[in-house]
>>> print(open('structure.tsv').read())   # TSV, N, CA and C atoms
chain	number	residue	atom	x	y	z
A	152	MET	N	-14.76	-31.28	66.74
A	152	MET	CA	-15.81	-30.30	66.52
A	152	MET	C	-16.23	-29.72	67.85
A	153	GLN	N	-16.48	-28.46	67.91
A	153	GLN	CA	-16.90	-27.78	69.11
A	153	GLN	C	-18.42	-27.83	69.22
A	154	PRO	N	-18.94	-27.74	70.45
A	154	PRO	CA	-20.39	-27.70	70.61
A	154	PRO	C	-21.00	-26.58	69.81
A	155	GLY	N	-22.21	-26.81	69.31
A	155	GLY	CA	-22.88	-25.82	68.49
A	155	GLY	C	-23.53	-24.73	69.29
A	156	THR	N	-23.90	-23.70	68.59
A	156	THR	CA	-24.62	-22.60	69.20
A	156	THR	C	-25.90	-22.39	68.43
A	157	GLN	N	-26.84	-21.79	69.09
A	157	GLN	CA	-28.13	-21.52	68.45
A	157	GLN	C	-27.93	-20.49	67.35
A	158	SER	N	-28.55	-20.73	66.21
A	158	SER	CA	-28.45	-19.76	65.12
A	158	SER	C	-29.82	-19.54	64.51
A	159	GLY	N	-30.00	-18.38	63.92
A	159	GLY	CA	-31.25	-18.09	63.25
A	159	GLY	C	-32.39	-17.95	64.22
A	160	SER	N	-33.61	-18.00	63.69
A	160	SER	CA	-34.77	-17.81	64.54
A	160	SER	C	-35.45	-19.11	64.92
A	161	ALA	N	-35.00	-20.24	64.38
A	161	ALA	CA	-35.61	-21.53	64.71
A	161	ALA	C	-35.21	-21.94	66.12
A	162	PRO	N	-36.10	-22.63	66.85
A	162	PRO	CA	-35.73	-23.13	68.17
A	162	PRO	C	-34.50	-24.02	68.08
A	163	HIS	N	-33.66	-23.97	69.12
A	163	HIS	CA	-32.39	-24.70	69.10
A	163	HIS	C	-32.57	-26.19	68.88
A	164	HIS	N	-33.63	-26.81	69.47
A	164	HIS	CA	-33.81	-28.26	69.31
A	164	HIS	C	-34.06	-28.62	67.85
A	165	LEU	N	-34.67	-27.74	67.09
A	165	LEU	CA	-34.88	-28.02	65.67
A	165	LEU	C	-33.57	-27.96	64.91
A	166	ASP	N	-32.69	-27.03	65.27
A	166	ASP	CA	-31.37	-26.96	64.65
A	166	ASP	C	-30.60	-28.25	64.88
A	167	VAL	N	-30.64	-28.76	66.11
A	167	VAL	CA	-29.91	-29.97	66.46
A	167	VAL	C	-30.47	-31.17	65.70
A	168	LEU	N	-31.78	-31.27	65.59
A	168	LEU	CA	-32.38	-32.37	64.84
A	168	LEU	C	-32.03	-32.29	63.36
A	169	ALA	N	-31.93	-31.08	62.82
A	169	ALA	CA	-31.52	-30.91	61.43
A	169	ALA	C	-30.07	-31.37	61.25
A	170	VAL	N	-29.23	-31.10	62.23
A	170	VAL	CA	-27.83	-31.56	62.18
A	170	VAL	C	-27.81	-33.09	62.15
A	171	ALA	N	-28.60	-33.72	63.01
A	171	ALA	CA	-28.67	-35.19	63.04
A	171	ALA	C	-29.09	-35.73	61.68
A	172	GLU	N	-30.09	-35.11	61.09
A	172	GLU	CA	-30.57	-35.56	59.78
A	172	GLU	C	-29.47	-35.43	58.72
A	173	ARG	N	-28.78	-34.31	58.71
A	173	ARG	CA	-27.69	-34.11	57.74
A	173	ARG	C	-26.58	-35.13	57.94
A	174	TRP	N	-26.21	-35.36	59.19
A	174	TRP	CA	-25.14	-36.32	59.47
A	174	TRP	C	-25.49	-37.70	58.97
A	175	VAL	N	-26.70	-38.16	59.26
A	175	VAL	CA	-27.11	-39.51	58.86
A	175	VAL	C	-27.22	-39.60	57.34
A	176	GLN	N	-27.77	-38.57	56.70
A	176	GLN	CA	-27.88	-38.58	55.25
A	176	GLN	C	-26.52	-38.58	54.57
A	177	SER	N	-25.50	-38.05	55.24
A	177	SER	CA	-24.15	-38.05	54.66
A	177	SER	C	-23.37	-39.32	55.01
A	178	GLY	N	-24.02	-40.27	55.69
A	178	GLY	CA	-23.40	-41.54	55.99
A	178	GLY	C	-22.77	-41.65	57.37
A	179	ARG	N	-22.89	-40.62	58.18
A	179	ARG	CA	-22.33	-40.67	59.53
A	179	ARG	C	-23.31	-41.41	60.46
A	180	LYS	N	-22.76	-42.22	61.35
A	180	LYS	CA	-23.58	-42.86	62.38
A	180	LYS	C	-23.76	-41.87	63.51
A	181	ALA	N	-24.96	-41.83	64.09
A	181	ALA	CA	-25.24	-40.83	65.11
A	181	ALA	C	-26.23	-41.33	66.14
A	182	ALA	N	-26.29	-40.60	67.25
A	182	ALA	CA	-27.28	-40.84	68.29
A	182	ALA	C	-27.81	-39.48	68.74
A	183	ILE	N	-29.03	-39.49	69.26
A	183	ILE	CA	-29.63	-38.28	69.81
A	183	ILE	C	-29.91	-38.53	71.29
A	184	ALA	N	-29.46	-37.59	72.12
A	184	ALA	CA	-29.76	-37.61	73.55
A	184	ALA	C	-30.81	-36.53	73.80
A	185	THR	N	-31.85	-36.89	74.54
A	185	THR	CA	-32.95	-35.97	74.80
A	185	THR	C	-33.25	-35.94	76.30
A	186	VAL	N	-33.34	-34.74	76.86
A	186	VAL	CA	-33.76	-34.60	78.25
A	186	VAL	C	-35.25	-34.96	78.29
A	187	VAL	N	-35.58	-36.00	79.06
A	187	VAL	CA	-36.97	-36.46	79.11
A	187	VAL	C	-37.65	-36.16	80.44
A	188	GLU	N	-36.85	-35.85	81.45
A	188	GLU	CA	-37.42	-35.55	82.76
A	188	GLU	C	-36.42	-34.75	83.57
A	189	THR	N	-36.92	-33.80	84.37
A	189	THR	CA	-36.07	-33.04	85.28
A	189	THR	C	-36.75	-32.94	86.64
A	190	TRP	N	-35.96	-32.79	87.67
A	190	TRP	CA	-36.45	-32.55	89.02
A	190	TRP	C	-35.60	-31.46	89.63
A	191	GLY	N	-36.22	-30.54	90.34
A	191	GLY	CA	-35.48	-29.48	91.01
A	191	GLY	C	-34.79	-28.55	90.01
A	192	SER	N	-33.63	-28.08	90.40
A	192	SER	CA	-32.87	-27.16	89.56
A	192	SER	C	-32.12	-27.95	88.50
A	193	ALA	N	-32.57	-27.85	87.26
A	193	ALA	CA	-31.94	-28.57	86.16
A	193	ALA	C	-31.37	-27.58	85.16
A	194	PRO	N	-30.19	-27.87	84.60
A	194	PRO	CA	-29.54	-26.92	83.71
A	194	PRO	C	-30.23	-26.71	82.37
A	195	ARG	N	-30.93	-27.72	81.85
A	195	ARG	CA	-31.61	-27.61	80.55
A	195	ARG	C	-33.02	-28.18	80.70
A	196	PRO	N	-33.99	-27.63	79.97
A	196	PRO	CA	-35.37	-28.10	80.10
A	196	PRO	C	-35.63	-29.41	79.36
A	197	VAL	N	-36.74	-30.04	79.72
A	197	VAL	CA	-37.20	-31.23	79.00
A	197	VAL	C	-37.31	-30.88	77.52
A	198	GLY	N	-36.88	-31.80	76.66
A	198	GLY	CA	-36.92	-31.57	75.22
A	198	GLY	C	-35.60	-31.10	74.64
A	199	SER	N	-34.63	-30.76	75.50
A	199	SER	CA	-33.32	-30.35	75.01
A	199	SER	C	-32.61	-31.55	74.38
A	200	HIS	N	-31.86	-31.29	73.31
A	200	HIS	CA	-31.21	-32.37	72.56
A	200	HIS	C	-29.71	-32.16	72.43
A	201	LEU	N	-29.02	-33.29	72.32
A	201	LEU	CA	-27.60	-33.34	71.99
A	201	LEU	C	-27.47	-34.44	70.94
A	202	VAL	N	-26.89	-34.12	69.79
A	202	VAL	CA	-26.65	-35.13	68.76
A	202	VAL	C	-25.15	-35.42	68.75
A	203	ILE	N	-24.83	-36.71	68.65
A	203	ILE	CA	-23.45	-37.17	68.74
A	203	ILE	C	-23.18	-38.10	67.57
A	204	ASP	N	-21.99	-37.97	66.94
A	204	ASP	CA	-21.65	-38.93	65.89
A	204	ASP	C	-20.65	-39.96	66.44
A	205	SER	N	-20.33	-40.96	65.62
A	205	SER	CA	-19.50	-42.07	66.07
A	205	SER	C	-18.06	-41.68	66.36
A	206	GLU	N	-17.66	-40.47	65.99
A	206	GLU	CA	-16.31	-40.00	66.30
A	206	GLU	C	-16.29	-39.08	67.52
A	207	GLY	N	-17.44	-38.89	68.16
A	207	GLY	CA	-17.51	-38.06	69.35
A	207	GLY	C	-17.78	-36.59	69.09
A	208	ASN	N	-18.03	-36.22	67.84
A	208	ASN	CA	-18.44	-34.85	67.53
A	208	ASN	C	-19.86	-34.66	68.04
A	209	PHE	N	-20.19	-33.45	68.49
A	209	PHE	CA	-21.55	-33.24	68.99
A	209	PHE	C	-22.01	-31.81	68.78
A	210	GLU	N	-23.34	-31.68	68.77
A	210	GLU	CA	-24.02	-30.38	68.66
A	210	GLU	C	-25.17	-30.39	69.65
A	211	GLY	N	-25.45	-29.25	70.25
A	211	GLY	CA	-26.57	-29.11	71.17
A	211	GLY	C	-26.12	-29.22	72.60
A	212	SER	N	-27.07	-29.41	73.51
A	212	SER	CA	-26.76	-29.50	74.93
A	212	SER	C	-27.92	-30.14	75.69
A	213	VAL	N	-27.56	-31.00	76.64
A	213	VAL	CA	-28.57	-31.56	77.53
A	213	VAL	C	-28.33	-31.14	78.98
A	214	SER	N	-27.23	-30.41	79.22
A	214	SER	CA	-26.95	-30.07	80.61
A	214	SER	C	-26.17	-28.79	80.80
A	215	GLY	N	-26.05	-27.97	79.80
A	215	GLY	CA	-25.26	-26.77	79.96
A	215	GLY	C	-23.79	-27.08	80.16
A	216	GLY	N	-23.37	-28.28	79.79
A	216	GLY	CA	-21.97	-28.66	79.84
A	216	GLY	C	-21.58	-29.57	80.98
A	217	CYS	N	-22.40	-29.67	82.02
A	217	CYS	CA	-21.95	-30.39	83.21
A	217	CYS	C	-21.96	-31.92	83.08
A	218	VAL	N	-22.77	-32.51	82.22
A	218	VAL	CA	-22.73	-33.96	82.05
A	218	VAL	C	-22.54	-34.37	80.59
A	219	GLU	N	-22.28	-33.43	79.71
A	219	GLU	CA	-22.17	-33.75	78.29
A	219	GLU	C	-21.13	-34.84	78.00
A	220	GLY	N	-19.96	-34.78	78.68
A	220	GLY	CA	-18.92	-35.77	78.43
A	220	GLY	C	-19.40	-37.18	78.68
A	221	SER	N	-20.12	-37.38	79.76
A	221	SER	CA	-20.66	-38.70	80.08
A	221	SER	C	-21.72	-39.12	79.08
A	222	VAL	N	-22.57	-38.18	78.66
A	222	VAL	CA	-23.62	-38.49	77.68
A	222	VAL	C	-22.99	-38.85	76.34
A	223	VAL	N	-21.96	-38.13	75.94
A	223	VAL	CA	-21.27	-38.44	74.68
A	223	VAL	C	-20.67	-39.84	74.74
A	224	SER	N	-20.04	-40.17	75.85
A	224	SER	CA	-19.46	-41.50	76.02
A	224	SER	C	-20.52	-42.60	75.92
A	225	GLU	N	-21.63	-42.40	76.59
A	225	GLU	CA	-22.73	-43.38	76.52
A	225	GLU	C	-23.31	-43.45	75.11
A	226	ALA	N	-23.39	-42.30	74.43
A	226	ALA	CA	-23.93	-42.27	73.07
A	226	ALA	C	-23.06	-43.08	72.12
A	227	LEU	N	-21.75	-43.08	72.32
A	227	LEU	CA	-20.86	-43.88	71.48
A	227	LEU	C	-21.19	-45.37	71.64
A	228	ASP	N	-21.51	-45.79	72.86
A	228	ASP	CA	-21.93	-47.18	73.09
A	228	ASP	C	-23.26	-47.47	72.40
A	229	VAL	N	-24.18	-46.50	72.45
A	229	VAL	CA	-25.49	-46.66	71.80
A	229	VAL	C	-25.30	-46.79	70.29
A	230	ILE	N	-24.44	-45.97	69.71
A	230	ILE	CA	-24.18	-46.04	68.26
A	230	ILE	C	-23.61	-47.42	67.91
A	231	ALA	N	-22.66	-47.89	68.71
A	231	ALA	CA	-22.02	-49.18	68.43
A	231	ALA	C	-22.99	-50.35	68.59
A	232	SER	N	-23.85	-50.30	69.60
A	232	SER	CA	-24.74	-51.43	69.88
A	232	SER	C	-26.08	-51.35	69.14
A	233	GLY	N	-26.48	-50.12	68.78
A	233	GLY	CA	-27.79	-49.94	68.17
A	233	GLY	C	-28.94	-49.98	69.17
A	234	ARG	N	-28.61	-50.01	70.47
A	234	ARG	CA	-29.63	-50.10	71.52
A	234	ARG	C	-29.69	-48.81	72.33
A	235	ALA	N	-30.89	-48.29	72.50
A	235	ALA	CA	-31.12	-47.07	73.27
A	235	ALA	C	-30.88	-47.33	74.75
A	236	THR	N	-30.66	-46.24	75.50
A	236	THR	CA	-30.48	-46.34	76.94
A	236	THR	C	-31.04	-45.09	77.63
A	237	MET	N	-31.35	-45.24	78.90
A	237	MET	CA	-31.81	-44.12	79.72
A	237	MET	C	-30.73	-43.82	80.74
A	238	LEU	N	-30.35	-42.56	80.85
A	238	LEU	CA	-29.34	-42.13	81.81
A	238	LEU	C	-29.99	-41.23	82.84
A	239	GLU	N	-29.49	-41.26	84.06
A	239	GLU	CA	-29.99	-40.36	85.09
A	239	GLU	C	-28.81	-39.76	85.83
A	240	PHE	N	-28.86	-38.45	86.03
A	240	PHE	CA	-27.82	-37.74	86.76
A	240	PHE	C	-28.48	-36.87	87.81
A	241	GLY	N	-27.89	-36.84	89.01
A	241	GLY	CA	-28.41	-35.99	90.07
A	241	GLY	C	-27.42	-35.89	91.20
A	242	VAL	N	-27.64	-34.92	92.09
A	242	VAL	CA	-26.67	-34.71	93.16
A	242	VAL	C	-26.60	-35.87	94.14
A	243	ALA	N	-27.66	-36.67	94.22
A	243	ALA	CA	-27.62	-37.82	95.11
A	243	ALA	C	-26.83	-38.96	94.49
A	244	ASP	N	-26.54	-38.86	93.21
A	244	ASP	CA	-25.82	-39.89	92.47
A	244	ASP	C	-24.33	-39.55	92.47
A	245	GLU	N	-23.50	-40.47	92.93
A	245	GLU	CA	-22.06	-40.24	92.98
A	245	GLU	C	-21.52	-39.85	91.59
A	246	THR	N	-22.10	-40.44	90.54
A	246	THR	CA	-21.68	-40.12	89.17
A	246	THR	C	-21.91	-38.65	88.86
A	247	ALA	N	-22.98	-38.08	89.37
A	247	ALA	CA	-23.29	-36.68	89.08
A	247	ALA	C	-22.18	-35.77	89.58
A	248	TRP	N	-21.66	-36.03	90.75
A	248	TRP	CA	-20.57	-35.20	91.26
A	248	TRP	C	-19.33	-35.39	90.42
A	249	ARG	N	-19.09	-36.61	89.98
A	249	ARG	CA	-17.91	-36.88	89.17
A	249	ARG	C	-17.99	-36.14	87.85
A	250	VAL	N	-19.18	-36.03	87.24
A	250	VAL	CA	-19.33	-35.34	85.96
A	250	VAL	C	-19.71	-33.88	86.11
A	251	GLY	N	-19.97	-33.43	87.35
A	251	GLY	CA	-20.15	-32.01	87.57
A	251	GLY	C	-21.57	-31.50	87.71
A	252	LEU	N	-22.58	-32.36	87.88
A	252	LEU	CA	-23.95	-31.89	88.04
A	252	LEU	C	-24.18	-31.58	89.51
A	253	SER	N	-23.80	-30.38	89.90
A	253	SER	CA	-23.90	-29.99	91.31
A	253	SER	C	-24.95	-28.91	91.52
A	254	CYS	N	-25.85	-28.73	90.55
A	254	CYS	CA	-26.85	-27.65	90.60
A	254	CYS	C	-27.99	-27.95	91.56
A	255	GLY	N	-28.05	-29.16	92.09
A	255	GLY	CA	-29.10	-29.48	93.04
A	255	GLY	C	-30.26	-30.26	92.44
A	256	GLY	N	-30.30	-30.41	91.14
A	256	GLY	CA	-31.40	-31.12	90.49
A	256	GLY	C	-30.99	-32.48	89.98
A	257	ARG	N	-31.91	-33.07	89.26
A	257	ARG	CA	-31.66	-34.36	88.60
A	257	ARG	C	-32.22	-34.28	87.19
A	258	ILE	N	-31.60	-35.00	86.29
A	258	ILE	CA	-32.11	-35.08	84.92
A	258	ILE	C	-32.08	-36.53	84.45
A	259	ARG	N	-33.05	-36.87	83.59
A	259	ARG	CA	-33.06	-38.16	82.89
A	259	ARG	C	-32.88	-37.84	81.42
A	260	VAL	N	-31.97	-38.59	80.79
A	260	VAL	CA	-31.63	-38.36	79.39
A	260	VAL	C	-31.78	-39.68	78.63
A	261	TYR	N	-32.62	-39.67	77.60
A	261	TYR	CA	-32.82	-40.85	76.75
A	261	TYR	C	-31.88	-40.72	75.56
A	262	VAL	N	-31.06	-41.75	75.33
A	262	VAL	CA	-30.10	-41.74	74.23
A	262	VAL	C	-30.49	-42.84	73.25
A	263	GLU	N	-30.70	-42.46	71.99
A	263	GLU	CA	-31.13	-43.45	71.00
A	263	GLU	C	-30.33	-43.29	69.71
A	264	PRO	N	-30.11	-44.40	69.00
A	264	PRO	CA	-29.42	-44.31	67.72
A	264	PRO	C	-30.30	-43.64	66.68
A	265	VAL	N	-29.68	-42.96	65.74
A	265	VAL	CA	-30.41	-42.34	64.64
A	265	VAL	C	-30.15	-43.18	63.39
A	266	THR	N	-31.22	-43.51	62.68
A	266	THR	CA	-31.08	-44.28	61.44
A	266	THR	C	-31.76	-43.54	60.30
A	267	ASP	N	-31.53	-44.01	59.09
A	267	ASP	CA	-32.19	-43.39	57.93
A	267	ASP	C	-33.71	-43.43	58.08
A	268	ALA	N	-34.21	-44.51	58.70
A	268	ALA	CA	-35.66	-44.66	58.86
A	268	ALA	C	-36.23	-43.65	59.86
A	269	ALA	N	-35.38	-43.18	60.80
A	269	ALA	CA	-35.85	-42.23	61.82
A	269	ALA	C	-36.08	-40.89	61.18
>>> encode(input="structure.tsv", output="structure tokens")
Amino acid sequence: MQPGTQSGSAPHHLDVLAVAERWVQSGRKAAIATVVETWGSAPRPVGSHLVIDSEGNFEGSVSGGCVEGSVVSEALDVIASGRATMLEFGVADETAWRVGLSCGGRIRVYVEPVTDAA
């Protein structure tokens, strides 16, 4: 599945949350990644979401593409373990250069499993 695009007049984060709800209701295991903090030049604002299913399909964006691969990989671990995690990417972090976050800022992304109760 290709990354989603904003559609309609609803804010993009609401579209992504609706996707997560549909996926879970249809029996797919999923996780939601949310930008919770930014410093300096960050590609996406706080509150941006990326929803990922257990097969690596995703919708939304937490970084304009520069760290999505790493977030998707971590989300698969979150789905498998059922335990949330906090990720941080920035230019001072060697991982950030490896995944492409060279915009000069830093972001923190909270990744949590989605359940029927959520």
>>> closest_residue(input="structure.tsv", among="A:Glu219, A:Tyr261, A:Gly211, A:Ala181", to="Ala231 of chain A", atoms="only C-alpha atoms")
A:Ala181
>>> atom_distance(input="structure.tsv", atom1="atom CA of Ala171 of chain A", atom2="atom CA of Leu238 of chain A")
20.0 Å
>>> atom_distance(input="structure.tsv", atom1="atom C of Asn208 of chain A", atom2="atom C of Asp166 of chain A")
12.9 Å
>>> atom_distance(input="structure.tsv", atom1="atom CA of Ser224 of chain A", atom2="atom CA of Gly191 of chain A")
25.0 Å
>>> closest_residue(input="structure.tsv", among="A:Ser192, A:Val186, A:Lys180, A:Ser212", to="Gly256 of chain A", atoms="only C-alpha atoms")
A:Ser192
>>> closest_residue(input="structure.tsv", among="A:Thr189, A:Asp267, A:Arg195, A:Val170", to="Cys217 of chain A", atoms="only C-alpha atoms")
A:Arg195
>>> closest_residue(input="structure.tsv", among="A:Ala169, A:Asp204, A:Val197, A:Ser221", to="Ala182 of chain A", atoms="only N, CA and C atoms")
A:Asp204
>>> select_by_dssp(input="structure.tsv", residues="segment 185-223 of chain A", states="strand (DSSP E or B)", output="PDB file with N, CA and C atoms, keeping the file's coordinate frame")
ATOM      1  N   THR A 185     -31.850 -36.890  74.540  1.00  0.00           N
ATOM      2  CA  THR A 185     -32.950 -35.970  74.800  1.00  0.00           C
ATOM      3  C   THR A 185     -33.250 -35.940  76.300  1.00  0.00           C
ATOM      4  N   VAL A 186     -33.340 -34.740  76.860  1.00  0.00           N
ATOM      5  CA  VAL A 186     -33.760 -34.600  78.250  1.00  0.00           C
ATOM      6  C   VAL A 186     -35.250 -34.960  78.290  1.00  0.00           C
ATOM      7  N   VAL A 187     -35.580 -36.000  79.060  1.00  0.00           N
ATOM      8  CA  VAL A 187     -36.970 -36.460  79.110  1.00  0.00           C
ATOM      9  C   VAL A 187     -37.650 -36.160  80.440  1.00  0.00           C
ATOM     10  N   GLU A 188     -36.850 -35.850  81.450  1.00  0.00           N
ATOM     11  CA  GLU A 188     -37.420 -35.550  82.760  1.00  0.00           C
ATOM     12  C   GLU A 188     -36.420 -34.750  83.570  1.00  0.00           C
ATOM     13  N   THR A 189     -36.920 -33.800  84.370  1.00  0.00           N
ATOM     14  CA  THR A 189     -36.070 -33.040  85.280  1.00  0.00           C
ATOM     15  C   THR A 189     -36.750 -32.940  86.640  1.00  0.00           C
ATOM     16  N   TRP A 190     -35.960 -32.790  87.670  1.00  0.00           N
ATOM     17  CA  TRP A 190     -36.450 -32.550  89.020  1.00  0.00           C
ATOM     18  C   TRP A 190     -35.600 -31.460  89.630  1.00  0.00           C
ATOM     19  N   HIS A 200     -31.860 -31.290  73.310  1.00  0.00           N
ATOM     20  CA  HIS A 200     -31.210 -32.370  72.560  1.00  0.00           C
ATOM     21  C   HIS A 200     -29.710 -32.160  72.430  1.00  0.00           C
ATOM     22  N   LEU A 201     -29.020 -33.290  72.320  1.00  0.00           N
ATOM     23  CA  LEU A 201     -27.600 -33.340  71.990  1.00  0.00           C
ATOM     24  C   LEU A 201     -27.470 -34.440  70.940  1.00  0.00           C
ATOM     25  N   VAL A 202     -26.890 -34.120  69.790  1.00  0.00           N
ATOM     26  CA  VAL A 202     -26.650 -35.130  68.760  1.00  0.00           C
ATOM     27  C   VAL A 202     -25.150 -35.420  68.750  1.00  0.00           C
ATOM     28  N   ILE A 203     -24.830 -36.710  68.650  1.00  0.00           N
ATOM     29  CA  ILE A 203     -23.450 -37.170  68.740  1.00  0.00           C
ATOM     30  C   ILE A 203     -23.180 -38.100  67.570  1.00  0.00           C
ATOM     31  N   ASP A 204     -21.990 -37.970  66.940  1.00  0.00           N
ATOM     32  CA  ASP A 204     -21.650 -38.930  65.890  1.00  0.00           C
ATOM     33  C   ASP A 204     -20.650 -39.960  66.440  1.00  0.00           C
ATOM     34  N   PHE A 209     -20.190 -33.450  68.490  1.00  0.00           N
ATOM     35  CA  PHE A 209     -21.550 -33.240  68.990  1.00  0.00           C
ATOM     36  C   PHE A 209     -22.010 -31.810  68.780  1.00  0.00           C
ATOM     37  N   GLU A 210     -23.340 -31.680  68.770  1.00  0.00           N
ATOM     38  CA  GLU A 210     -24.020 -30.380  68.660  1.00  0.00           C
ATOM     39  C   GLU A 210     -25.170 -30.390  69.650  1.00  0.00           C
ATOM     40  N   GLY A 211     -25.450 -29.250  70.250  1.00  0.00           N
ATOM     41  CA  GLY A 211     -26.570 -29.110  71.170  1.00  0.00           C
ATOM     42  C   GLY A 211     -26.120 -29.220  72.600  1.00  0.00           C
TER      43      GLY A 211
END
>>> residues_around(input="structure.tsv", residues="Thr236 of chain A", least_positions_apart="4", cutoff="6 Å", atoms="only N, CA and C atoms", output="list of chain:residue names")
A:Val260, A:Tyr261, A:Val262, A:Glu263
>>> closest_residue(input="structure.tsv", among="A:Asp228, A:Glu188, A:Glu210, A:Glu239", to="Pro264 of chain A", atoms="only C-alpha atoms")
A:Asp228
>>> decode(input="structure.tsv", residues="segment 218-236 of chain A", atoms="N, CA and C atoms", output="PDB file, in the first residue's frame")
ATOM      1  N   VAL A 218      11.851   9.844   7.905  1.00  0.00           N
ATOM      2  CA  VAL A 218      12.076   8.796   8.904  1.00  0.00           C
ATOM      3  C   VAL A 218      10.955   7.758   8.923  1.00  0.00           C
ATOM      4  N   GLU A 219      10.039   7.826   7.992  1.00  0.00           N
ATOM      5  CA  GLU A 219       8.898   6.912   8.005  1.00  0.00           C
ATOM      6  C   GLU A 219       9.311   5.437   8.032  1.00  0.00           C
ATOM      7  N   GLY A 220      10.341   5.065   7.253  1.00  0.00           N
ATOM      8  CA  GLY A 220      10.771   3.668   7.224  1.00  0.00           C
ATOM      9  C   GLY A 220      11.161   3.154   8.591  1.00  0.00           C
ATOM     10  N   SER A 221      11.896   3.951   9.334  1.00  0.00           N
ATOM     11  CA  SER A 221      12.305   3.564  10.680  1.00  0.00           C
ATOM     12  C   SER A 221      11.108   3.491  11.620  1.00  0.00           C
ATOM     13  N   VAL A 222      10.180   4.439  11.495  1.00  0.00           N
ATOM     14  CA  VAL A 222       8.980   4.448  12.342  1.00  0.00           C
ATOM     15  C   VAL A 222       8.123   3.225  12.038  1.00  0.00           C
ATOM     16  N   VAL A 223       7.976   2.882  10.765  1.00  0.00           N
ATOM     17  CA  VAL A 223       7.197   1.692  10.388  1.00  0.00           C
ATOM     18  C   VAL A 223       7.831   0.447  10.990  1.00  0.00           C
ATOM     19  N   SER A 224       9.143   0.336  10.903  1.00  0.00           N
ATOM     20  CA  SER A 224       9.848  -0.813  11.470  1.00  0.00           C
ATOM     21  C   SER A 224       9.624  -0.922  12.978  1.00  0.00           C
ATOM     22  N   GLU A 225       9.749   0.190  13.671  1.00  0.00           N
ATOM     23  CA  GLU A 225       9.504   0.196  15.119  1.00  0.00           C
ATOM     24  C   GLU A 225       8.048  -0.124  15.435  1.00  0.00           C
ATOM     25  N   ALA A 226       7.127   0.364  14.601  1.00  0.00           N
ATOM     26  CA  ALA A 226       5.700   0.106  14.818  1.00  0.00           C
ATOM     27  C   ALA A 226       5.391  -1.380  14.708  1.00  0.00           C
ATOM     28  N   LEU A 227       6.073  -2.086  13.818  1.00  0.00           N
ATOM     29  CA  LEU A 227       5.862  -3.533  13.700  1.00  0.00           C
ATOM     30  C   LEU A 227       6.249  -4.228  15.008  1.00  0.00           C
ATOM     31  N   ASP A 228       7.318  -3.760  15.654  1.00  0.00           N
ATOM     32  CA  ASP A 228       7.708  -4.306  16.960  1.00  0.00           C
ATOM     33  C   ASP A 228       6.656  -3.984  18.016  1.00  0.00           C
ATOM     34  N   VAL A 229       6.111  -2.764  17.969  1.00  0.00           N
ATOM     35  CA  VAL A 229       5.071  -2.358  18.917  1.00  0.00           C
ATOM     36  C   VAL A 229       3.828  -3.232  18.737  1.00  0.00           C
ATOM     37  N   ILE A 230       3.442  -3.486  17.500  1.00  0.00           N
ATOM     38  CA  ILE A 230       2.271  -4.337  17.232  1.00  0.00           C
ATOM     39  C   ILE A 230       2.521  -5.739  17.790  1.00  0.00           C
ATOM     40  N   ALA A 231       3.708  -6.274  17.553  1.00  0.00           N
ATOM     41  CA  ALA A 231       4.028  -7.636  18.007  1.00  0.00           C
ATOM     42  C   ALA A 231       4.090  -7.734  19.531  1.00  0.00           C
ATOM     43  N   SER A 232       4.652  -6.718  20.187  1.00  0.00           N
ATOM     44  CA  SER A 232       4.839  -6.782  21.638  1.00  0.00           C
ATOM     45  C   SER A 232       3.645  -6.243  22.429  1.00  0.00           C
ATOM     46  N   GLY A 233       2.867  -5.350  21.797  1.00  0.00           N
ATOM     47  CA  GLY A 233       1.772  -4.701  22.511  1.00  0.00           C
ATOM     48  C   GLY A 233       2.234  -3.582  23.426  1.00  0.00           C
ATOM     49  N   ARG A 234       3.530  -3.217  23.349  1.00  0.00           N
ATOM     50  CA  ARG A 234       4.091  -2.182  24.222  1.00  0.00           C
ATOM     51  C   ARG A 234       4.471  -0.948  23.415  1.00  0.00           C
ATOM     52  N   ALA A 235       4.027   0.203  23.891  1.00  0.00           N
ATOM     53  CA  ALA A 235       4.322   1.483  23.244  1.00  0.00           C
ATOM     54  C   ALA A 235       5.799   1.832  23.408  1.00  0.00           C
ATOM     55  N   THR A 236       6.275   2.738  22.547  1.00  0.00           N
ATOM     56  CA  THR A 236       7.653   3.205  22.634  1.00  0.00           C
ATOM     57  C   THR A 236       7.737   4.670  22.194  1.00  0.00           C
TER      58      THR A 236
END
